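Dropping coords-v4.txt in here (compact mmCIF, C-alpha atoms and all ligand atoms):
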# COMPACT_ATOMS: atom_id res chain seq x y z
CA MET A 1 -17.09 7.86 7.65
CA ILE A 2 -14.72 9.71 5.35
CA ILE A 3 -15.47 7.45 2.37
CA GLU A 4 -18.51 5.24 1.82
CA ALA A 5 -18.74 3.39 -1.48
CA GLU A 6 -21.52 0.96 -2.23
CA ASP A 7 -21.44 -1.68 -4.93
CA LEU A 8 -19.43 0.34 -7.45
CA ARG A 9 -19.35 -1.02 -10.98
CA LYS A 10 -17.61 0.31 -14.05
CA SER A 11 -17.03 -1.34 -17.42
CA PHE A 12 -15.04 -0.09 -20.37
CA LYS A 13 -16.68 -1.86 -23.33
CA ALA A 14 -16.24 -5.57 -22.53
CA THR A 15 -13.78 -4.97 -19.66
CA LYS A 16 -15.31 -5.05 -16.21
CA ALA A 17 -12.74 -2.78 -14.56
CA VAL A 18 -14.64 -2.57 -11.26
CA ALA A 19 -17.20 -5.27 -10.57
CA GLY A 20 -18.99 -4.52 -7.30
CA VAL A 21 -16.71 -2.72 -4.83
CA SER A 22 -17.96 -1.56 -1.45
CA LEU A 23 -15.68 0.28 0.96
CA ALA A 24 -16.08 2.21 4.18
CA ILE A 25 -13.07 4.19 5.34
CA GLY A 26 -13.06 6.00 8.67
CA GLU A 27 -11.28 9.13 9.79
CA GLY A 28 -7.54 8.75 10.33
CA GLU A 29 -7.22 5.36 8.67
CA THR A 30 -4.25 4.62 6.43
CA VAL A 31 -5.51 2.13 3.88
CA GLY A 32 -3.31 0.31 1.40
CA LEU A 33 -4.98 -0.71 -1.84
CA LEU A 34 -3.15 -3.64 -3.41
CA GLY A 35 -3.75 -5.63 -6.53
CA PRO A 36 -2.07 -7.04 -9.63
CA ASN A 37 -1.94 -5.01 -12.85
CA GLY A 38 -5.41 -4.33 -14.17
CA ALA A 39 -7.13 -5.28 -10.88
CA GLY A 40 -9.14 -2.06 -10.98
CA LYS A 41 -7.30 0.01 -8.38
CA SER A 42 -6.92 3.21 -10.37
CA THR A 43 -10.49 2.98 -11.65
CA THR A 44 -11.70 2.55 -8.06
CA LEU A 45 -9.78 5.65 -6.95
CA ASN A 46 -11.17 7.60 -9.89
CA LEU A 47 -14.69 6.46 -9.01
CA LEU A 48 -14.21 7.47 -5.38
CA LEU A 49 -13.10 10.92 -6.50
CA GLY A 50 -15.91 11.27 -9.01
CA LEU A 51 -13.38 11.61 -11.86
CA VAL A 52 -14.99 8.62 -13.58
CA THR A 53 -18.75 8.08 -13.52
CA ALA A 54 -19.88 4.73 -12.14
CA ASP A 55 -22.26 2.53 -14.16
CA THR A 56 -23.98 1.75 -10.87
CA GLY A 57 -23.25 2.35 -7.22
CA GLN A 58 -22.72 5.37 -5.06
CA VAL A 59 -19.88 7.14 -3.32
CA ARG A 60 -20.09 9.53 -0.42
CA ILE A 61 -16.97 11.42 0.54
CA LEU A 62 -17.01 13.47 3.75
CA GLY A 63 -20.74 12.80 3.80
CA GLU A 64 -21.41 14.24 0.33
CA ASP A 65 -22.25 12.61 -3.00
CA THR A 66 -18.93 12.54 -4.87
CA ARG A 67 -20.60 13.72 -8.09
CA ARG A 68 -21.83 16.91 -6.43
CA LEU A 69 -19.15 17.89 -3.93
CA SER A 70 -19.29 21.29 -2.29
CA ASP A 71 -16.22 23.53 -2.60
CA GLU A 72 -15.56 22.92 1.07
CA ALA A 73 -15.42 19.14 0.57
CA ARG A 74 -13.27 19.53 -2.55
CA ARG A 75 -10.75 21.54 -0.55
CA ALA A 76 -10.55 18.79 2.03
CA ILE A 77 -9.44 16.22 -0.55
CA GLY A 78 -5.97 15.78 -2.02
CA PHE A 79 -5.12 13.52 -4.93
CA VAL A 80 -1.68 12.41 -6.04
CA PRO A 81 -2.32 10.72 -9.38
CA GLN A 82 -0.11 8.18 -11.10
CA GLU A 83 0.51 10.61 -13.96
CA TYR A 84 2.39 13.84 -13.33
CA ALA A 85 0.02 16.64 -12.41
CA PHE A 86 2.40 19.54 -13.10
CA PHE A 87 3.60 21.62 -16.03
CA PRO A 88 7.16 20.58 -16.94
CA GLU A 89 8.13 24.02 -18.27
CA LEU A 90 7.15 25.78 -15.05
CA SER A 91 9.24 25.90 -11.89
CA GLY A 92 8.37 23.78 -8.87
CA LEU A 93 7.29 26.96 -7.10
CA ALA A 94 4.97 28.03 -9.93
CA ASN A 95 3.44 24.57 -10.13
CA VAL A 96 2.67 24.26 -6.45
CA THR A 97 1.38 27.85 -6.41
CA TYR A 98 -0.94 27.00 -9.31
CA TRP A 99 -2.47 24.11 -7.33
CA ALA A 100 -2.71 26.17 -4.15
CA ARG A 101 -4.70 28.82 -6.06
CA LEU A 102 -7.00 26.17 -7.52
CA TYR A 103 -7.74 25.08 -3.97
CA GLY A 104 -8.66 28.65 -3.11
CA LEU A 105 -5.61 29.71 -1.11
CA ARG A 106 -4.65 33.39 -1.37
CA ARG A 107 -1.98 35.85 -0.17
CA ARG A 108 -0.09 34.99 3.05
CA ALA A 109 -1.87 31.66 3.51
CA LEU A 110 -0.92 30.72 -0.06
CA ASP A 111 2.76 31.67 0.34
CA THR A 112 3.05 29.75 3.59
CA ALA A 113 1.29 26.67 2.24
CA VAL A 114 3.45 26.60 -0.91
CA ARG A 115 6.63 26.91 1.10
CA ASP A 116 5.51 24.22 3.56
CA ALA A 117 4.58 21.84 0.73
CA LEU A 118 7.93 22.29 -1.02
CA GLU A 119 9.91 22.00 2.21
CA PHE A 120 7.89 18.94 3.16
CA THR A 121 9.07 17.07 0.09
CA GLY A 122 12.59 18.49 0.23
CA LEU A 123 12.27 20.62 -2.92
CA TRP A 124 12.46 24.14 -1.51
CA ASP A 125 16.11 24.61 -2.58
CA ARG A 126 15.22 23.69 -6.16
CA ARG A 127 11.94 25.65 -6.25
CA LYS A 128 13.05 28.06 -8.98
CA ASP A 129 14.13 25.37 -11.45
CA ALA A 130 11.82 24.10 -14.17
CA ALA A 131 10.13 20.84 -13.17
CA LYS A 132 11.47 19.15 -16.31
CA THR A 133 15.02 19.51 -14.97
CA TYR A 134 14.17 17.49 -11.82
CA SER A 135 15.17 13.85 -11.43
CA GLY A 136 12.39 11.21 -11.58
CA GLY A 137 12.28 11.03 -7.79
CA MET A 138 12.06 14.81 -7.46
CA GLN A 139 9.23 14.91 -10.01
CA ARG A 140 7.32 12.32 -7.94
CA ARG A 141 7.91 14.50 -4.87
CA LEU A 142 6.68 17.57 -6.74
CA ASN A 143 3.53 15.65 -7.64
CA ILE A 144 3.02 15.08 -3.92
CA SER A 145 3.63 18.75 -3.08
CA CYS A 146 0.91 19.66 -5.60
CA GLY A 147 -1.52 17.18 -4.01
CA ILE A 148 -0.98 18.19 -0.38
CA VAL A 149 -0.43 21.96 -0.57
CA HIS A 150 -3.93 22.66 0.81
CA ASN A 151 -3.40 20.34 3.80
CA PRO A 152 -6.19 17.89 2.91
CA LYS A 153 -8.09 15.81 5.44
CA LEU A 154 -8.27 12.98 2.92
CA LEU A 155 -5.33 12.13 0.72
CA ILE A 156 -5.56 9.64 -2.13
CA MET A 157 -2.24 8.53 -3.59
CA ASP A 158 -1.96 6.35 -6.68
CA GLU A 159 1.44 4.65 -6.70
CA PRO A 160 3.39 7.68 -5.51
CA THR A 161 6.75 5.90 -5.43
CA VAL A 162 6.80 4.30 -8.88
CA GLY A 163 10.26 4.46 -10.41
CA VAL A 164 11.93 6.57 -7.75
CA ASP A 165 15.39 6.22 -6.25
CA PRO A 166 15.57 4.77 -2.70
CA GLN A 167 16.35 8.16 -1.16
CA SER A 168 13.26 9.83 -2.65
CA ARG A 169 11.25 6.79 -1.78
CA ASN A 170 12.20 7.01 1.89
CA HIS A 171 11.44 10.70 1.81
CA ILE A 172 7.99 10.00 0.35
CA LEU A 173 7.26 7.26 2.90
CA ASP A 174 8.29 9.58 5.75
CA SER A 175 6.01 12.28 4.34
CA VAL A 176 3.06 9.89 4.28
CA ARG A 177 3.77 8.87 7.89
CA THR A 178 3.89 12.51 8.95
CA LEU A 179 0.58 13.24 7.22
CA SER A 180 -0.97 10.19 8.81
CA ALA A 181 0.35 11.13 12.26
CA GLY A 182 -1.20 14.57 11.70
CA GLY A 183 -4.61 12.91 11.45
CA ALA A 184 -5.10 12.74 7.66
CA THR A 185 -7.01 9.81 6.20
CA ILE A 186 -4.90 8.17 3.52
CA VAL A 187 -5.69 5.76 0.71
CA TYR A 188 -2.49 4.52 -0.85
CA THR A 189 -1.96 2.19 -3.79
CA SER A 190 1.37 0.60 -4.44
CA HIS A 191 2.97 -2.38 -6.12
CA TYR A 192 5.45 -2.52 -3.28
CA MET A 193 4.16 -4.79 -0.58
CA GLU A 194 6.79 -3.58 1.91
CA GLU A 195 5.44 -0.05 1.59
CA ILE A 196 1.93 -1.15 2.41
CA GLN A 197 3.23 -3.24 5.28
CA ALA A 198 5.29 -0.34 6.62
CA LEU A 199 2.67 2.41 6.23
CA CYS A 200 -0.83 1.05 6.42
CA ASP A 201 -2.92 -0.25 9.28
CA ARG A 202 -5.47 -1.68 6.91
CA VAL A 203 -5.16 -3.40 3.56
CA VAL A 204 -7.69 -3.86 0.77
CA ILE A 205 -6.69 -6.43 -1.84
CA MET A 206 -8.37 -6.24 -5.25
CA ASP A 207 -8.37 -8.74 -8.08
CA GLY A 208 -10.48 -8.84 -11.21
CA GLY A 209 -12.39 -5.69 -10.23
CA LYS A 210 -13.43 -7.07 -6.84
CA VAL A 211 -12.27 -6.75 -3.25
CA VAL A 212 -10.90 -10.15 -2.24
CA ALA A 213 -9.69 -9.18 1.25
CA ASP A 214 -10.21 -6.15 3.46
CA GLY A 215 -9.17 -5.63 7.04
CA ALA A 216 -6.46 -4.94 9.55
CA LEU A 217 -3.13 -5.94 8.06
CA GLU A 218 -2.43 -8.60 10.70
CA LYS A 219 -5.89 -10.10 10.38
CA VAL A 220 -5.79 -10.26 6.59
CA ILE A 221 -2.45 -12.03 6.84
CA ARG A 222 -3.69 -14.43 9.52
CA ASP A 223 -6.99 -15.24 7.78
CA ASN A 224 -5.65 -15.76 4.30
CA THR A 225 -2.67 -17.97 4.60
CA ASP A 226 -2.14 -21.39 6.02
CA GLU A 227 1.61 -21.07 5.64
CA ARG A 228 3.13 -21.57 9.08
CA VAL A 229 6.84 -21.54 9.55
CA VAL A 230 8.73 -22.43 12.71
CA LEU A 231 12.26 -21.17 13.16
CA LEU A 232 14.79 -22.92 15.35
CA GLU A 233 17.81 -20.76 16.09
CA THR A 234 20.90 -22.85 16.82
CA PRO A 235 24.43 -21.74 17.77
CA SER A 236 26.02 -22.63 14.40
CA PRO A 237 25.33 -23.94 10.87
CA GLU A 238 26.65 -27.36 11.96
CA ALA A 239 24.23 -27.42 14.89
CA ALA A 240 21.42 -26.45 12.48
CA ARG A 241 22.29 -29.32 10.13
CA ASP A 242 22.55 -31.71 13.07
CA ALA A 243 19.15 -30.57 14.41
CA THR A 244 17.58 -31.10 10.97
CA ASP A 245 19.02 -34.62 10.77
CA GLN A 246 17.54 -35.48 14.15
CA ILE A 247 14.11 -34.08 13.23
CA LEU A 248 14.10 -36.14 10.04
CA ARG A 249 15.42 -39.26 11.76
CA HIS A 250 12.61 -39.09 14.34
CA GLY A 251 10.05 -38.58 11.58
CA LEU A 252 8.73 -35.27 12.96
CA LEU A 253 8.59 -33.73 9.48
CA ALA A 254 9.42 -34.73 5.90
CA ALA A 255 12.65 -33.55 4.23
CA ALA A 256 10.71 -31.22 1.91
CA GLU A 257 9.32 -29.44 4.97
CA THR A 258 12.72 -28.50 6.36
CA ASP A 259 15.46 -26.11 5.34
CA VAL A 260 18.62 -24.70 6.83
CA GLU A 261 19.40 -21.00 6.50
CA GLY A 262 22.76 -20.34 8.18
CA SER A 263 22.36 -21.38 11.80
CA THR A 264 18.56 -21.36 11.56
CA VAL A 265 16.43 -24.43 10.92
CA VAL A 266 13.28 -23.54 8.96
CA LEU A 267 10.33 -25.90 9.45
CA ARG A 268 7.22 -25.55 7.28
CA LEU A 269 4.26 -26.98 9.14
CA PRO A 270 1.75 -29.08 7.21
CA PRO A 271 -1.82 -27.63 7.41
CA ASP A 272 -3.01 -30.08 10.10
CA ALA A 273 0.08 -29.78 12.33
CA ASP A 274 -0.11 -28.20 15.74
CA PHE A 275 2.64 -25.71 16.59
CA ASN A 276 2.70 -26.49 20.32
CA ASP A 277 2.77 -30.22 19.74
CA LEU A 278 5.62 -29.96 17.25
CA ALA A 279 7.54 -27.59 19.53
CA ALA A 280 7.20 -30.04 22.42
CA ARG A 281 8.44 -32.92 20.28
CA VAL A 282 11.37 -30.89 18.99
CA LEU A 283 12.32 -29.88 22.54
CA ALA A 284 12.12 -33.53 23.63
CA LEU A 285 14.92 -34.31 21.18
CA GLY A 286 17.29 -32.40 23.45
CA LEU A 287 18.77 -30.28 20.64
CA THR A 288 21.03 -27.32 21.34
CA LEU A 289 18.69 -24.46 20.56
CA GLU A 290 18.93 -20.75 21.27
CA SER A 291 15.29 -20.05 20.53
CA ILE A 292 12.19 -21.44 18.90
CA GLY A 293 9.52 -19.25 17.33
CA GLU A 294 6.99 -18.84 14.56
CA ARG A 295 7.75 -16.68 11.50
CA ARG A 296 4.98 -14.29 10.52
CA PRO A 297 3.80 -14.94 6.97
CA SER A 298 4.19 -11.94 4.70
CA LEU A 299 1.61 -9.99 2.76
CA GLU A 300 3.33 -11.35 -0.35
CA THR A 301 2.25 -14.90 0.58
CA VAL A 302 -1.31 -13.73 1.22
CA PHE A 303 -1.39 -11.91 -2.07
CA LEU A 304 -0.16 -14.94 -3.92
CA THR A 305 -2.71 -17.18 -2.15
CA LEU A 306 -5.59 -14.86 -2.96
CA THR A 307 -4.82 -13.82 -6.50
CA GLY A 308 -2.48 -16.55 -7.71
CA LYS A 309 -0.28 -13.74 -8.98
CA LYS A 310 2.88 -12.00 -7.92
CA LEU A 311 2.53 -8.28 -7.43
CA ARG A 312 5.42 -7.37 -9.66
CA ASP A 313 5.15 -9.44 -12.82
N1 LIG B 1 -10.27 4.53 -19.77
C1 LIG B 1 -10.22 3.22 -20.00
N2 LIG B 1 -10.62 2.70 -21.18
C2 LIG B 1 -10.60 1.36 -21.41
N3 LIG B 1 -10.19 0.45 -20.49
C3 LIG B 1 -9.78 0.91 -19.28
C4 LIG B 1 -9.76 2.30 -18.98
N4 LIG B 1 -9.30 2.45 -17.72
C5 LIG B 1 -9.03 1.21 -17.25
N5 LIG B 1 -9.32 0.28 -18.19
C6 LIG B 1 -9.18 -1.19 -18.04
O1 LIG B 1 -9.79 -1.56 -16.83
C7 LIG B 1 -9.03 -2.54 -16.12
C8 LIG B 1 -8.65 -2.02 -14.75
O2 LIG B 1 -7.71 -0.97 -14.91
P1 LIG B 1 -7.09 -0.11 -13.71
O3 LIG B 1 -6.18 0.90 -14.30
O4 LIG B 1 -8.18 0.36 -12.83
O5 LIG B 1 -6.25 -1.23 -12.95
P2 LIG B 1 -5.10 -1.05 -11.88
O6 LIG B 1 -5.38 -2.07 -10.83
O7 LIG B 1 -4.99 0.35 -11.43
O8 LIG B 1 -3.83 -1.48 -12.70
P3 LIG B 1 -2.30 -0.97 -12.61
O9 LIG B 1 -1.75 -1.56 -11.36
O10 LIG B 1 -1.69 -1.56 -13.83
O11 LIG B 1 -2.34 0.52 -12.58
C9 LIG B 1 -7.84 -2.84 -17.02
O12 LIG B 1 -8.15 -3.97 -17.78
C10 LIG B 1 -7.73 -1.60 -17.89
O13 LIG B 1 -7.17 -1.93 -19.15
What do you get writing this file as structure tokens?
Amino acid sequence: MIIEAEDLRKSFKATKAVAGVSLAIGEGETVGLLGPNGAGKSTTLNLLLGLVTADTGQVRILGEDTRRLSDEARRAIGFVPQEYAFFPELSGLANVTYWARLYGLRRRALDTAVRDALEFTGLWDRRKDAAKTYSGGMQRRLNISCGIVHNPKLLIMDEPTVGVDPQSRNHILDSVRTLSAGGATIVYTSHYMEEIQALCDRVVIMDGGKVVADGALEKVIRDNTDERVVLLETPSPEAARDATDQILRHGLLAAAETDVEGSTVVLRLPPDADFNDLAARVLALGLTLESIGERRPSLETVFLTLTGKKLRD
């Protein structure tokens, strides 16, 4: 296991920021940590990294107690915090070099790593400019360069795409994919559900300081939503309206359970309905259909079901 956390708890005065979190993360996993504002995500990351001391509970990272990590373990961990971790007055090059030195890199290895980290985030051409002159997206990318310059085995990223332009965002997402494909273990928090869905093979949902769902993305979605939507593709909007009329007339579903989106009929199945049975009855109506299928519920629906909140308030 790369990370093993057992029953972590942390309160700030009366606020129970983290109220009993256990996590086991294996090598090469890309884990998305999701939760509404104040769910305890950042505090959990800080506890994992030993940056905040737990009231109770234990964390082992790379097999070592996170409060007493060896230099070797420290060098295998990268952290991209929510706040900027660079000096605005210094150039991108000087900032990344500073972090590379902290991680113990020297001479040729240092020069190569700094160049790689700046090229990786597309900042090499601007390396000599002060960080404060960078756009918001470039500053986020510089933060990432600082966190990955030592090629960590474990990378923890706390909302690395907050407030960036779409181009930088795509660049950041591609970087994370490349790191993941290279074998790094990644823990990634984000408010953007699509990012988690696009990047992560596992999702951990937190609410009120607790883990409310944890597992493979598909399984978490399947287990935590009873929303089931059937889509009937028809040749035209008229055909879709006609199909809906027929479904209602034969009493297969109630009006509130149907919708038309262009030439698609959207059917929301009641909890006790059987997909195959409904499909058979729809087909028996002899409608002109191009296809019939089930729409996968989104992580957004799961999140809403579990926490009663939208991710972006
Ligand atoms: N240093 C601190 N002092 C006092 N309260 C804190 C501190 N750090 C966090 N908290 C509180 O603990 C709770 C959890 O905060 P945390 O930052 O871990 O949540 P989060 O899920 O990361 O939220 P966000 O998505 O807004 O970053 C919040 O109520 C927060 O106000």
Q: Check which residues fall inside 12 Å of ligand LIG 1 (chain B) when counting all atoms listed in the file, and print them as a ChimeraX atom specification.
A: /A:9-19,33-48,51-53,81-83,157-160,162,188-192,204-211,310-313
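Candidate residues A:Val149, A:Ala54, A:Ala279, A:Leu199 were compared for distance to A:Ile247, and the nearest is A:Ala279, using all atoms listed in the file.
Close contacts of A:Leu102, defined as residues with an atom at most 12 Å away when counting only C-alpha atoms, with chain neighbours fewer than 2 positions off set aside, comprise Asp71, Arg74, Arg75, Gly78, Asn95, Val96, Thr97, Tyr98, Trp99, Ala100, Gly104, Leu105, Arg106, Leu110, Cys146, Gly147, Val149 and His150 of chain A.
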(Q) Between A:Ala240, A:Ala198, A:Val80, A:Ile186, which residue has the minimum interatomic distance to A:Ile2, considering all atoms listed in the file? (A) A:Ile186
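In terms of minimum interatomic distance to A:Val302, A:Arg222 ranks closest within A:Arg228, A:His250, A:Arg60, A:Arg222, counting only C-alpha atoms.
Atom to atom, atom CA of A:Arg126 and atom CA of A:Ile156 stand 25.4 Å apart.
Nearest-residue note for A:Ala109: choosing from A:Leu289, A:Asn151, A:Gln167, A:Glu238, the minimum distance belongs to A:Asn151, counting all atoms listed in the file.
With distances restricted to all atoms listed in the file, A:Val229 is the closest residue to A:Pro271 from A:Val176, A:Ile196, A:Val229, A:Leu252.
Put simply, atom CA of A:Asp201 is 13.3 Å away from atom CA of A:Ala184.
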Sphere at (10.4, -25.9, 18.9), radius 8 Å, counting all atoms listed in the file: residues as a PDB file with C-alpha atoms, keeping the file's coordinate frame:
ATOM      1  CA  VAL A 230       8.730 -22.430  12.710  1.00  0.00           C
ATOM      2  CA  LEU A 231      12.260 -21.170  13.160  1.00  0.00           C
ATOM      3  CA  LEU A 232      14.790 -22.920  15.350  1.00  0.00           C
ATOM      4  CA  ASN A 276       2.700 -26.490  20.320  1.00  0.00           C
ATOM      5  CA  LEU A 278       5.620 -29.960  17.250  1.00  0.00           C
ATOM      6  CA  ALA A 279       7.540 -27.590  19.530  1.00  0.00           C
ATOM      7  CA  ALA A 280       7.200 -30.040  22.420  1.00  0.00           C
ATOM      8  CA  ARG A 281       8.440 -32.920  20.280  1.00  0.00           C
ATOM      9  CA  VAL A 282      11.370 -30.890  18.990  1.00  0.00           C
ATOM     10  CA  LEU A 283      12.320 -29.880  22.540  1.00  0.00           C
ATOM     11  CA  SER A 291      15.290 -20.050  20.530  1.00  0.00           C
ATOM     12  CA  ILE A 292      12.190 -21.440  18.900  1.00  0.00           C
ATOM     13  CA  GLY A 293       9.520 -19.250  17.330  1.00  0.00           C
TER      14      GLY A 293
END
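Neighbourhood of point (-3.6, 8.6, 10.1): residues with an atom at most 9 Å away, counting only C-alpha atoms, are Glu27, Gly28, Glu29, Thr30, Val176, Arg177, Thr178, Leu179, Ser180, Ala181, Gly182, Gly183, Ala184, Thr185, Ile186, Cys200 and Asp201 of chain A.
Residue nearest A:Ser91, chosen from A:Val21, A:Ile221, A:Leu123, A:Leu306 and counting all atoms listed in the file: A:Leu123.
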(Q) Excluding A:Ala255 and its own-chain neighbours fewer than 2 positions away, which residues fall within 12 Å of it when counting only C-alpha atoms? Please give them as JSON, numbers by chain. (A) {"A": [244, 245, 246, 247, 248, 249, 250, 251, 252, 253, 257, 258, 259, 260, 265, 266, 267, 268, 269]}
